[in-house]
Amino acid sequence: MPVVLNARGLSKRFGAVTAAHEVSAAIDKDSVVGLIGTNGAGKTTFINMITGYLKPDAGAITYEGRDITPLAPRQITRLGICRSFQIPQLYSSLSVHENMMIGLGIVLANAGHGGFLSRGDAPVPGYGEPAAQVAEHILARFGLAEYRDRNTQVLPGGVRKLLDIALTMVAKPRVLLLDEPTSGVSAQEKFGIMQMVLDAVRAEGATVLFVEHDMEVVSRFAQRVLAFYDGRVIADATPEVALADPEVRRHVVGRLRAAHA
Amino acid sequence: MRRDRTVAVIGTAFVALAAGGPWLPQWAMFIATVAFARGLVALGLVLLLRAGLISFGQALFYCLGAYTAGALGRFYGVSDIFIEMLVGGAVAALVAFIIGFLLARYRGIFFGLLSLALSMILYGLLVKTEALGSTDGFNIAPSTLFGVRPPPEWVRYSVLVSAAAVAAAAALIVHRYLQTPLGRLAPAIKDNEIRVEYMGASARKAVHVKYVIAGALAGVGGALAATAVGHIDPDMAYWTTSGEFIFITILAGTGSVVAPFVGALIYGSIHTLAYGLSPNTWQMSLGLALLVLIVFLPEGLWSLATRHARRT
Ligand SMILES: Nc1ncnc2c1ncn2[C@@H]1O[C@H](COP(=O)(O)OP(=O)(O)OP(=O)(O)O)[C@@H](O)[C@H]1O
Ligand SMILES: [Mg+2]
């Protein structure tokens with residue numbers, strides 16, 4: 001399979017903390033990759049560097065052969081690399097539906113339908129429907145229809161998390177980076193949420209990277225695992241191999257077990 | 001969804017004013033014209049406020065528009081009211097475009113204080129410029145309308161209708177802008193710029209655009225005020241003038257493009273009344289009015305209209 005996203009030698013320091021040390025990973029097109037590691041291992045930093053929010057001190061990132069290291073998050077988003085957040089990033093004064101419409105409006109504007117006379121009823125690229133309908137469909141798909149007119153500030157934590165992910169759908173991501181999409185929900189719910197999200201993005205093919213602390217969820221959904229420890233990638237293999245790796249067992253799985261026990 | 005009556009309200013108000021205007025007393029025409037001028041500035045501030053930004057220095061553009069109108073008459077013999085407003089707005093927009101590259105990087109108190117600082121620089125420059133009358137400023141000849149000079153008893157009315165026409169056009173344009181995808185971005189910028197960026201838009205560019213529109217509106221308002229009053233001076237750039245515009249904006253609230261003009265009219269009326277009652281303590285009366293307003297109408301006049309709509 002061709003490589004869609006290629007990170008080479010990414011390093012990032014914050015003062016004395018090494019958040020990334022020569023992190024390299026070549027991600028295959030349309031694969032599902034699990035990112036694991038204890039707290040502070042550098043998973044979010046990796047996502048922040050891929051999406052342009054943090055600039056690596058060294059190293060480069062290419063997307064479909066193109067160097068995206070110097071680009072800003074909005075430019076990377078426009079290329080089809082989208083992300084969700086560990087702590088949901090919503091528009092707190094707006095309703096769930098309005099949150100979606102903001103995103104769809106930006107997609108329309110970037111496609112040249114945002115001019116002074118535009119009424120916002122042009123078909124959304126990739127969806128072929130007006131924004132209002134696309135919003136309803138995405139909300140329905142994520143089980144958010146009943147919260148449609150609620151202000152996001154009053155939503156329960158799990159719903160905020162889902163909306164945060166649903167908001168990444170507006171731009172039809174080609175590569176989706178999910179930062180702990182199932183945090184804060186019960187172990188049983190995790191599987192349902194992951195299935196729903198993967199169904200939603202992968203219908204038309206997309207590459208998914210997700211950060212997850214539950215190894216059962218990782219084994220079920222990931223085709224490949226990147227294990228982080230202390231800013232380094234200590235394993236890059238299939239779930240069976242990676243989760244059985246002694247170093248991973250010592251630094252990641254064991255610690256998580258201990259932490260959860 | 002609530003039906004949008006903005007266009008109908010603006011159209012009706014304009015026709016009513018144009019038809020009923022001739023029966024208004026001269027002083028009322030003057031108050032209304034100045035209210036349109038200030039309302040234009042407040043309309044621009046509403047755009048910024050919706051994105052969470054308060055400019056403490058919008059008088060910069062108001063004064064630029066006024067001095068542009070004054071300079072047109074004094075140095076080029078142009079006194080047509082529409083040309084004055086057009087060029088006044090254009091000069092203000094150009095300056096807003098240039099300083100917008102700096103200001104669009106700042107938020108919160110830094111944005112406010114930087115805009116204040118820039119307006120005080122203009123004030124300082126004008127006070128030192130003999131050719132423009134220093135602190136005294138200078139008078140402006142009565143304006144013509146498409147080259148025609150109206151008979152003296154019709155001057156105030158013709159200026160009023162011109163002001164109303166420009167204000168109505170501005171309100172409609174801003175109303176339309178607020179419905180475009182990027183116009184609707186304002187609350188999103190206020191709430192979460194990181195998400196805006198991660199959705200593929202530039203918050204800085206959106207703020208820059210709003211800043212230029214607000215500057216242009218203030219420039220048009222300044223040119224209008226200049227011809228209506230017939231005199232300009234550096235106080236038009238002074239921070240207290242900016243304060244008046246903020247007062248009107250808060251009075252109006254951010255929910256409607258019509259409210260800034262109503263707010264400006266109320267402000268002008270309170271001001272005139274307070275001044276008439278006690279010329280020495282009118283600031284106190286105005287302060288009290290603002291206090292009452294913030295306590296009882298924290299979302300501005302507009303909340304009255306929507307509260308009513310919800311009940312009916
Ligand atoms: N902006 C920043 N400024 C300073 N230090 C940072 C910053 N971002 C991350 N770090 C530090 O870098 C290290 C890696 O953080 P990162 O957020 O990438 O970890 P993580 O693997 O996502 O952890 P978690 O599971 O807790 O989310 C941590 O020590 C963190 O404190
Ligand atoms: Mg993290």
# chains A, B, ... in the order shown; residues from 1 in each chain; ligands from 1
>>> residues_around(residues="stretch 229-241 of chain B", least_positions_apart="2", cutoff="6 Å", atoms="only C-alpha atoms", output="JSON list (two decimals) with all heavy atoms, in the first residue's frame")
[["chain", "number", "residue", "atom", "x", "y", "z"],
["B", 59, "ALA", "N", -12.90, 56.27, 16.97],
["B", 59, "ALA", "CA", -12.92, 57.68, 16.58],
["B", 59, "ALA", "C", -11.82, 57.99, 15.58],
["B", 59, "ALA", "O", -11.90, 58.97, 14.85],
["B", 59, "ALA", "CB", -12.77, 58.56, 17.82],
["B", 60, "LEU", "N", -10.79, 57.16, 15.54],
["B", 60, "LEU", "CA", -9.73, 57.34, 14.55],
["B", 60, "LEU", "C", -10.33, 57.43, 13.15],
["B", 60, "LEU", "O", -10.04, 58.35, 12.37],
["B", 60, "LEU", "CB", -8.75, 56.17, 14.62],
["B", 60, "LEU", "CG", -7.76, 55.99, 13.47],
["B", 60, "LEU", "CD1", -6.74, 57.13, 13.45],
["B", 60, "LEU", "CD2", -7.02, 54.67, 13.59],
["B", 63, "CYS", "N", -12.88, 60.38, 12.66],
["B", 63, "CYS", "CA", -12.17, 61.64, 12.45],
["B", 63, "CYS", "C", -11.52, 61.69, 11.07],
["B", 63, "CYS", "O", -11.55, 62.73, 10.39],
["B", 63, "CYS", "CB", -11.13, 61.81, 13.54],
["B", 63, "CYS", "SG", -10.32, 63.41, 13.52],
["B", 119, "SER", "N", -5.68, 56.06, 17.70],
["B", 119, "SER", "CA", -6.58, 57.21, 17.56],
["B", 119, "SER", "C", -5.99, 58.44, 18.24],
["B", 119, "SER", "O", -6.13, 59.56, 17.75],
["B", 119, "SER", "CB", -7.97, 56.88, 18.13],
["B", 119, "SER", "OG", -7.92, 56.79, 19.54],
["B", 123, "TYR", "N", -5.10, 62.24, 16.91],
["B", 123, "TYR", "CA", -5.48, 63.44, 17.66],
["B", 123, "TYR", "C", -4.28, 64.36, 17.83],
["B", 123, "TYR", "O", -4.34, 65.56, 17.54],
["B", 123, "TYR", "CB", -6.05, 63.03, 19.02],
["B", 123, "TYR", "CG", -6.37, 64.20, 19.92],
["B", 123, "TYR", "CD1", -7.55, 64.93, 19.76],
["B", 123, "TYR", "CD2", -5.49, 64.58, 20.92],
["B", 123, "TYR", "CE1", -7.83, 66.01, 20.58],
["B", 123, "TYR", "CE2", -5.76, 65.66, 21.75],
["B", 123, "TYR", "CZ", -6.93, 66.37, 21.58],
["B", 123, "TYR", "OH", -7.21, 67.44, 22.38],
["B", 126, "LEU", "N", -3.28, 66.07, 14.55],
["B", 126, "LEU", "CA", -4.20, 67.12, 14.11],
["B", 126, "LEU", "C", -4.03, 68.37, 14.96],
["B", 126, "LEU", "O", -4.07, 69.49, 14.44],
["B", 126, "LEU", "CB", -5.65, 66.62, 14.19],
["B", 126, "LEU", "CG", -6.02, 65.58, 13.13],
["B", 126, "LEU", "CD1", -7.44, 65.06, 13.37],
["B", 126, "LEU", "CD2", -5.91, 66.18, 11.73],
["B", 136, "ASP", "N", -8.58, 74.18, 16.89],
["B", 136, "ASP", "CA", -9.86, 74.78, 16.52],
["B", 136, "ASP", "C", -10.55, 74.04, 15.38],
["B", 136, "ASP", "O", -11.76, 74.15, 15.22],
["B", 136, "ASP", "CB", -9.66, 76.24, 16.08],
["B", 136, "ASP", "CG", -9.21, 77.09, 17.25],
["B", 136, "ASP", "OD1", -9.49, 76.68, 18.40],
["B", 136, "ASP", "OD2", -8.57, 78.14, 17.02],
["B", 137, "GLY", "N", -9.79, 73.32, 14.58],
["B", 137, "GLY", "CA", -10.38, 72.70, 13.40],
["B", 137, "GLY", "C", -10.80, 73.76, 12.40],
["B", 137, "GLY", "O", -10.24, 74.86, 12.38],
["B", 138, "PHE", "N", -11.77, 73.45, 11.58],
["B", 138, "PHE", "CA", -12.26, 74.46, 10.64],
["B", 138, "PHE", "C", -13.69, 74.17, 10.22],
["B", 138, "PHE", "O", -14.21, 73.08, 10.48],
["B", 138, "PHE", "CB", -11.34, 74.59, 9.41],
["B", 138, "PHE", "CG", -11.15, 73.31, 8.64],
["B", 138, "PHE", "CD1", -12.00, 73.00, 7.56],
["B", 138, "PHE", "CD2", -10.13, 72.42, 8.95],
["B", 138, "PHE", "CE1", -11.81, 71.82, 6.84],
["B", 138, "PHE", "CE2", -9.94, 71.25, 8.22],
["B", 138, "PHE", "CZ", -10.80, 70.95, 7.16],
["B", 139, "ASN", "N", -14.31, 75.16, 9.61],
["B", 139, "ASN", "CA", -15.71, 75.01, 9.19],
["B", 139, "ASN", "C", -15.80, 74.39, 7.81],
["B", 139, "ASN", "O", -14.88, 74.48, 7.00],
["B", 139, "ASN", "CB", -16.41, 76.37, 9.17],
["B", 139, "ASN", "CG", -16.61, 76.88, 10.59],
["B", 139, "ASN", "OD1", -16.67, 76.09, 11.54],
["B", 139, "ASN", "ND2", -16.70, 78.18, 10.73],
["B", 140, "ILE", "N", -16.93, 73.76, 7.55],
["B", 140, "ILE", "CA", -17.15, 73.13, 6.26],
["B", 140, "ILE", "C", -18.36, 73.78, 5.60],
["B", 140, "ILE", "O", -19.39, 73.99, 6.25],
["B", 140, "ILE", "CB", -17.42, 71.62, 6.44],
["B", 140, "ILE", "CG1", -16.18, 70.95, 7.03],
["B", 140, "ILE", "CG2", -17.79, 70.96, 5.13],
["B", 140, "ILE", "CD1", -16.36, 69.49, 7.23],
["B", 225, "ALA", "N", -21.14, 63.34, 9.65],
["B", 225, "ALA", "CA", -21.19, 64.24, 10.81],
["B", 225, "ALA", "C", -20.57, 65.59, 10.47],
["B", 225, "ALA", "O", -21.09, 66.64, 10.86],
["B", 225, "ALA", "CB", -20.48, 63.60, 11.99],
["B", 226, "ALA", "N", -19.46, 65.55, 9.71],
["B", 226, "ALA", "CA", -18.78, 66.79, 9.36],
["B", 226, "ALA", "C", -19.69, 67.73, 8.58],
["B", 226, "ALA", "O", -19.80, 68.91, 8.90],
["B", 226, "ALA", "CB", -17.52, 66.47, 8.55],
["B", 227, "THR", "N", -20.38, 67.19, 7.57],
["B", 227, "THR", "CA", -21.24, 68.07, 6.77],
["B", 227, "THR", "C", -22.48, 68.47, 7.54],
["B", 227, "THR", "O", -22.99, 69.57, 7.38],
["B", 227, "THR", "CB", -21.69, 67.40, 5.46],
["B", 227, "THR", "OG1", -22.38, 66.22, 5.80],
["B", 227, "THR", "CG2", -20.55, 67.08, 4.57],
["B", 243, "GLY", "N", -15.47, 56.55, 23.19],
["B", 243, "GLY", "CA", -16.30, 56.08, 24.29],
["B", 243, "GLY", "C", -17.79, 56.21, 23.97],
["B", 243, "GLY", "O", -18.57, 55.31, 24.28],
["B", 244, "GLU", "N", -18.16, 57.31, 23.34],
["B", 244, "GLU", "CA", -19.56, 57.49, 22.95],
["B", 244, "GLU", "C", -20.01, 56.36, 22.02],
["B", 244, "GLU", "O", -21.11, 55.83, 22.15],
["B", 244, "GLU", "CB", -19.76, 58.82, 22.22],
["B", 244, "GLU", "CG", -19.57, 60.03, 23.08],
["B", 244, "GLU", "CD", -19.76, 61.33, 22.29],
["B", 244, "GLU", "OE1", -19.86, 61.28, 21.04],
["B", 244, "GLU", "OE2", -19.80, 62.38, 22.91]]
>>> residues_around(residues="A:Ala25", least_positions_apart="6", cutoff="10 Å", atoms="only C-alpha atoms", output="PDB file with N, CA and C atoms, in the first residue's frame")
ATOM      1  N   VAL A   3       2.357   4.951   0.836  1.00  0.00           N
ATOM      2  CA  VAL A   3       2.420   5.738   2.067  1.00  0.00           C
ATOM      3  C   VAL A   3       1.708   7.069   1.843  1.00  0.00           C
ATOM      4  N   LEU A   5       1.157   9.383   4.590  1.00  0.00           N
ATOM      5  CA  LEU A   5       1.699  10.374   5.518  1.00  0.00           C
ATOM      6  C   LEU A   5       3.046   9.858   5.996  1.00  0.00           C
ATOM      7  N   ASN A   6       4.068  10.699   5.903  1.00  0.00           N
ATOM      8  CA  ASN A   6       5.393  10.251   6.280  1.00  0.00           C
ATOM      9  C   ASN A   6       6.055  11.260   7.211  1.00  0.00           C
ATOM     10  N   ALA A   7       6.277  10.829   8.446  1.00  0.00           N
ATOM     11  CA  ALA A   7       6.982  11.673   9.412  1.00  0.00           C
ATOM     12  C   ALA A   7       8.392  11.134   9.541  1.00  0.00           C
ATOM     13  N   ARG A   8       9.368  12.037   9.438  1.00  0.00           N
ATOM     14  CA  ARG A   8      10.760  11.569   9.508  1.00  0.00           C
ATOM     15  C   ARG A   8      11.557  12.388  10.516  1.00  0.00           C
ATOM     16  N   GLY A   9      12.032  11.704  11.537  1.00  0.00           N
ATOM     17  CA  GLY A   9      12.950  12.318  12.505  1.00  0.00           C
ATOM     18  C   GLY A   9      12.391  13.519  13.247  1.00  0.00           C
ATOM     19  N   LEU A  10      11.124  13.467  13.620  1.00  0.00           N
ATOM     20  CA  LEU A  10      10.533  14.619  14.302  1.00  0.00           C
ATOM     21  C   LEU A  10      11.030  14.717  15.741  1.00  0.00           C
ATOM     22  N   ILE A  61       7.613  16.418   7.626  1.00  0.00           N
ATOM     23  CA  ILE A  61       6.401  15.627   7.426  1.00  0.00           C
ATOM     24  C   ILE A  61       5.964  15.812   5.983  1.00  0.00           C
ATOM     25  N   LEU A 226       1.469   2.182  16.940  1.00  0.00           N
ATOM     26  CA  LEU A 226       2.682   2.950  17.211  1.00  0.00           C
ATOM     27  C   LEU A 226       2.713   3.159  18.715  1.00  0.00           C
ATOM     28  N   VAL A 233       9.272   6.523  19.597  1.00  0.00           N
ATOM     29  CA  VAL A 233       8.448   5.397  19.168  1.00  0.00           C
ATOM     30  C   VAL A 233       9.214   4.132  19.518  1.00  0.00           C
ATOM     31  N   ASP A 236       6.534  -0.314  16.392  1.00  0.00           N
ATOM     32  CA  ASP A 236       5.735   0.047  15.229  1.00  0.00           C
ATOM     33  C   ASP A 236       5.444  -1.260  14.505  1.00  0.00           C
TER      34      ASP A 236
END
>>> residues_around(residues="B:Gly21", least_positions_apart="2", cutoff="12 Å", atoms="only C-alpha atoms", output="compact mmCIF listing (two decimals) with all heavy atoms, in the first residue's frame")
# COMPACT_ATOMS: atom_id res chain seq x y z
N ALA B 13 -38.83 52.02 7.46
CA ALA B 13 -38.30 53.15 8.23
C ALA B 13 -37.80 54.25 7.30
O ALA B 13 -38.05 55.44 7.53
CB ALA B 13 -37.17 52.67 9.15
N PHE B 14 -37.15 53.84 6.22
CA PHE B 14 -36.62 54.85 5.30
C PHE B 14 -37.75 55.64 4.63
O PHE B 14 -37.72 56.87 4.58
CB PHE B 14 -35.74 54.19 4.23
CG PHE B 14 -35.23 55.18 3.22
CD1 PHE B 14 -34.24 56.09 3.57
CD2 PHE B 14 -35.76 55.21 1.93
CE1 PHE B 14 -33.78 57.02 2.65
CE2 PHE B 14 -35.30 56.15 1.01
CZ PHE B 14 -34.31 57.05 1.37
N VAL B 15 -38.74 54.91 4.14
CA VAL B 15 -39.86 55.58 3.46
C VAL B 15 -40.59 56.51 4.44
O VAL B 15 -40.90 57.67 4.12
CB VAL B 15 -40.85 54.54 2.87
CG1 VAL B 15 -42.11 55.21 2.36
CG2 VAL B 15 -40.17 53.76 1.75
N ALA B 16 -40.81 56.03 5.66
CA ALA B 16 -41.50 56.85 6.66
C ALA B 16 -40.73 58.13 6.95
O ALA B 16 -41.31 59.22 7.01
CB ALA B 16 -41.70 56.03 7.93
N LEU B 17 -39.41 57.98 7.08
CA LEU B 17 -38.59 59.15 7.40
C LEU B 17 -38.58 60.14 6.23
O LEU B 17 -38.69 61.35 6.43
CB LEU B 17 -37.17 58.71 7.74
CG LEU B 17 -36.28 59.82 8.26
CD1 LEU B 17 -36.71 60.23 9.66
CD2 LEU B 17 -34.83 59.39 8.26
N ALA B 18 -38.44 59.62 5.02
CA ALA B 18 -38.40 60.49 3.85
C ALA B 18 -39.73 61.23 3.67
O ALA B 18 -39.77 62.42 3.35
CB ALA B 18 -38.07 59.68 2.60
N ALA B 19 -40.84 60.52 3.93
CA ALA B 19 -42.16 61.13 3.74
C ALA B 19 -42.50 62.08 4.88
O ALA B 19 -43.04 63.16 4.66
CB ALA B 19 -43.22 60.03 3.64
N TRP B 23 -41.97 67.45 7.99
CA TRP B 23 -42.76 67.98 9.12
C TRP B 23 -41.98 68.02 10.43
O TRP B 23 -42.44 68.53 11.42
CB TRP B 23 -44.04 67.14 9.30
CG TRP B 23 -45.07 67.52 8.26
CD1 TRP B 23 -45.99 68.52 8.36
CD2 TRP B 23 -45.26 66.91 6.98
NE1 TRP B 23 -46.74 68.59 7.20
CE2 TRP B 23 -46.30 67.61 6.34
CE3 TRP B 23 -44.63 65.86 6.29
CZ2 TRP B 23 -46.75 67.27 5.06
CZ3 TRP B 23 -45.07 65.54 5.02
CH2 TRP B 23 -46.12 66.24 4.42
N LEU B 24 -40.77 67.41 10.39
CA LEU B 24 -39.96 67.42 11.61
C LEU B 24 -39.40 68.81 11.86
O LEU B 24 -39.07 69.53 10.90
CB LEU B 24 -38.78 66.44 11.47
CG LEU B 24 -39.08 64.95 11.54
CD1 LEU B 24 -37.80 64.16 11.23
CD2 LEU B 24 -39.62 64.56 12.90
N PRO B 25 -39.28 69.19 13.15
CA PRO B 25 -38.59 70.46 13.42
C PRO B 25 -37.11 70.35 13.05
O PRO B 25 -36.55 69.25 13.04
CB PRO B 25 -38.77 70.64 14.93
CG PRO B 25 -39.15 69.31 15.47
CD PRO B 25 -39.78 68.54 14.36
N GLN B 26 -36.50 71.49 12.76
CA GLN B 26 -35.11 71.49 12.32
C GLN B 26 -34.18 70.81 13.32
O GLN B 26 -33.29 70.06 12.94
CB GLN B 26 -34.65 72.94 12.09
CG GLN B 26 -35.36 73.64 10.94
CD GLN B 26 -34.76 73.27 9.58
OE1 GLN B 26 -33.56 73.14 9.43
NE2 GLN B 26 -35.61 73.11 8.57
N TRP B 27 -34.41 71.04 14.62
CA TRP B 27 -33.51 70.44 15.62
C TRP B 27 -33.61 68.91 15.61
O TRP B 27 -32.64 68.21 15.80
CB TRP B 27 -33.76 71.00 17.02
CG TRP B 27 -35.16 70.79 17.57
CD1 TRP B 27 -36.20 71.67 17.51
CD2 TRP B 27 -35.65 69.62 18.23
NE1 TRP B 27 -37.32 71.12 18.09
CE2 TRP B 27 -37.02 69.88 18.56
CE3 TRP B 27 -35.09 68.39 18.58
CZ2 TRP B 27 -37.82 68.93 19.20
CZ3 TRP B 27 -35.89 67.46 19.24
CH2 TRP B 27 -37.24 67.73 19.55
N ALA B 28 -34.84 68.42 15.36
CA ALA B 28 -35.02 66.96 15.34
C ALA B 28 -34.31 66.36 14.13
O ALA B 28 -33.71 65.28 14.20
CB ALA B 28 -36.50 66.61 15.31
N MET B 29 -34.38 67.09 12.98
CA MET B 29 -33.66 66.62 11.79
C MET B 29 -32.17 66.53 12.08
O MET B 29 -31.49 65.58 11.68
CB MET B 29 -33.87 67.59 10.63
CG MET B 29 -35.26 67.57 10.05
SD MET B 29 -35.22 68.52 8.52
CE MET B 29 -36.95 68.93 8.37
N PHE B 30 -31.67 67.52 12.81
CA PHE B 30 -30.24 67.54 13.12
C PHE B 30 -29.88 66.36 14.02
O PHE B 30 -28.92 65.63 13.75
CB PHE B 30 -29.88 68.88 13.79
CG PHE B 30 -28.44 68.95 14.17
CD1 PHE B 30 -27.45 69.05 13.20
CD2 PHE B 30 -28.06 68.89 15.50
CE1 PHE B 30 -26.12 69.11 13.54
CE2 PHE B 30 -26.72 68.93 15.86
CZ PHE B 30 -25.75 69.05 14.88
N ALA B 32 -31.41 63.56 14.33
CA ALA B 32 -31.54 62.30 13.59
C ALA B 32 -30.34 62.10 12.65
O ALA B 32 -29.80 61.00 12.53
CB ALA B 32 -32.84 62.30 12.81
N THR B 33 -29.91 63.17 11.99
CA THR B 33 -28.78 63.05 11.07
C THR B 33 -27.51 62.64 11.81
O THR B 33 -26.78 61.73 11.38
CB THR B 33 -28.54 64.39 10.33
OG1 THR B 33 -29.75 64.76 9.69
CG2 THR B 33 -27.44 64.26 9.31
N TRP B 154 -34.32 73.75 3.03
CA TRP B 154 -34.36 72.31 2.73
C TRP B 154 -33.02 71.61 2.95
O TRP B 154 -32.90 70.41 2.75
CB TRP B 154 -34.82 72.09 1.28
CG TRP B 154 -36.30 72.32 1.13
CD1 TRP B 154 -36.91 73.47 0.74
CD2 TRP B 154 -37.34 71.38 1.40
NE1 TRP B 154 -38.28 73.33 0.76
CE2 TRP B 154 -38.57 72.04 1.16
CE3 TRP B 154 -37.37 70.06 1.84
CZ2 TRP B 154 -39.81 71.42 1.33
CZ3 TRP B 154 -38.61 69.45 2.00
CH2 TRP B 154 -39.80 70.13 1.75
N VAL B 155 -32.02 72.35 3.39
CA VAL B 155 -30.69 71.76 3.54
C VAL B 155 -30.72 70.61 4.54
O VAL B 155 -30.29 69.49 4.27
CB VAL B 155 -29.64 72.82 3.95
CG1 VAL B 155 -28.35 72.14 4.42
CG2 VAL B 155 -29.36 73.74 2.79
N ARG B 156 -31.28 70.89 5.72
CA ARG B 156 -31.28 69.87 6.78
C ARG B 156 -32.03 68.62 6.33
O ARG B 156 -31.61 67.51 6.60
CB ARG B 156 -31.95 70.43 8.05
CG ARG B 156 -31.05 71.40 8.79
CD ARG B 156 -30.74 70.88 10.18
NE ARG B 156 -29.50 71.43 10.66
CZ ARG B 156 -29.40 72.23 11.73
NH1 ARG B 156 -30.47 72.54 12.42
NH2 ARG B 156 -28.22 72.68 12.10
N TYR B 157 -33.16 68.86 5.65
CA TYR B 157 -33.95 67.71 5.21
C TYR B 157 -33.18 66.89 4.17
O TYR B 157 -33.13 65.66 4.25
CB TYR B 157 -35.29 68.17 4.63
CG TYR B 157 -36.09 67.04 4.01
CD1 TYR B 157 -36.72 66.09 4.81
CD2 TYR B 157 -36.19 66.91 2.62
CE1 TYR B 157 -37.42 65.04 4.26
CE2 TYR B 157 -36.89 65.86 2.05
CZ TYR B 157 -37.51 64.93 2.86
OH TYR B 157 -38.20 63.88 2.32
N SER B 158 -32.55 67.55 3.23
CA SER B 158 -31.84 66.80 2.19
C SER B 158 -30.65 66.04 2.77
O SER B 158 -30.37 64.91 2.37
CB SER B 158 -31.41 67.72 1.04
OG SER B 158 -30.56 68.73 1.54
N VAL B 159 -29.98 66.65 3.74
CA VAL B 159 -28.87 65.94 4.40
C VAL B 159 -29.42 64.74 5.17
O VAL B 159 -28.84 63.64 5.15
CB VAL B 159 -28.09 66.88 5.33
CG1 VAL B 159 -27.09 66.09 6.18
CG2 VAL B 159 -27.36 67.94 4.52
N LEU B 160 -30.57 64.95 5.83
CA LEU B 160 -31.17 63.85 6.61
C LEU B 160 -31.52 62.67 5.71
O LEU B 160 -31.21 61.52 6.03
CB LEU B 160 -32.43 64.36 7.32
CG LEU B 160 -33.26 63.28 8.03
CD1 LEU B 160 -32.46 62.66 9.17
CD2 LEU B 160 -34.57 63.85 8.57
N VAL B 161 -32.15 62.95 4.57
CA VAL B 161 -32.55 61.86 3.68
C VAL B 161 -31.32 61.17 3.08
O VAL B 161 -31.27 59.94 2.96
CB VAL B 161 -33.51 62.36 2.58
CG1 VAL B 161 -33.79 61.25 1.58
CG2 VAL B 161 -34.81 62.84 3.21
N SER B 162 -30.31 61.97 2.74
CA SER B 162 -29.07 61.36 2.24
C SER B 162 -28.47 60.45 3.30
O SER B 162 -28.02 59.33 3.01
CB SER B 162 -28.05 62.43 1.87
OG SER B 162 -28.64 63.40 1.04
N ALA B 164 -30.02 58.98 5.76
CA ALA B 164 -30.87 57.81 5.94
C ALA B 164 -30.63 56.80 4.83
O ALA B 164 -30.58 55.58 5.07
CB ALA B 164 -32.34 58.22 5.99
>>> interface_residues(of="chain B", to="chain A", cutoff="12 Å", atoms="only C-alpha atoms", output="MDAnalysis selection string")
chainID B and resid 1 50:52 172:206
>>> residues_around(residues="A:Pro239", least_positions_apart="4", cutoff="6 Å", atoms="only C-alpha atoms", output="PyMOL selection string")
chain A and resi 219+224-225+243
>>> closest_residue(among="A:Val175, A:Ala206, A:Val96, A:Ala131", to="A:Asn151", atoms="only C-alpha atoms")
A:Val96
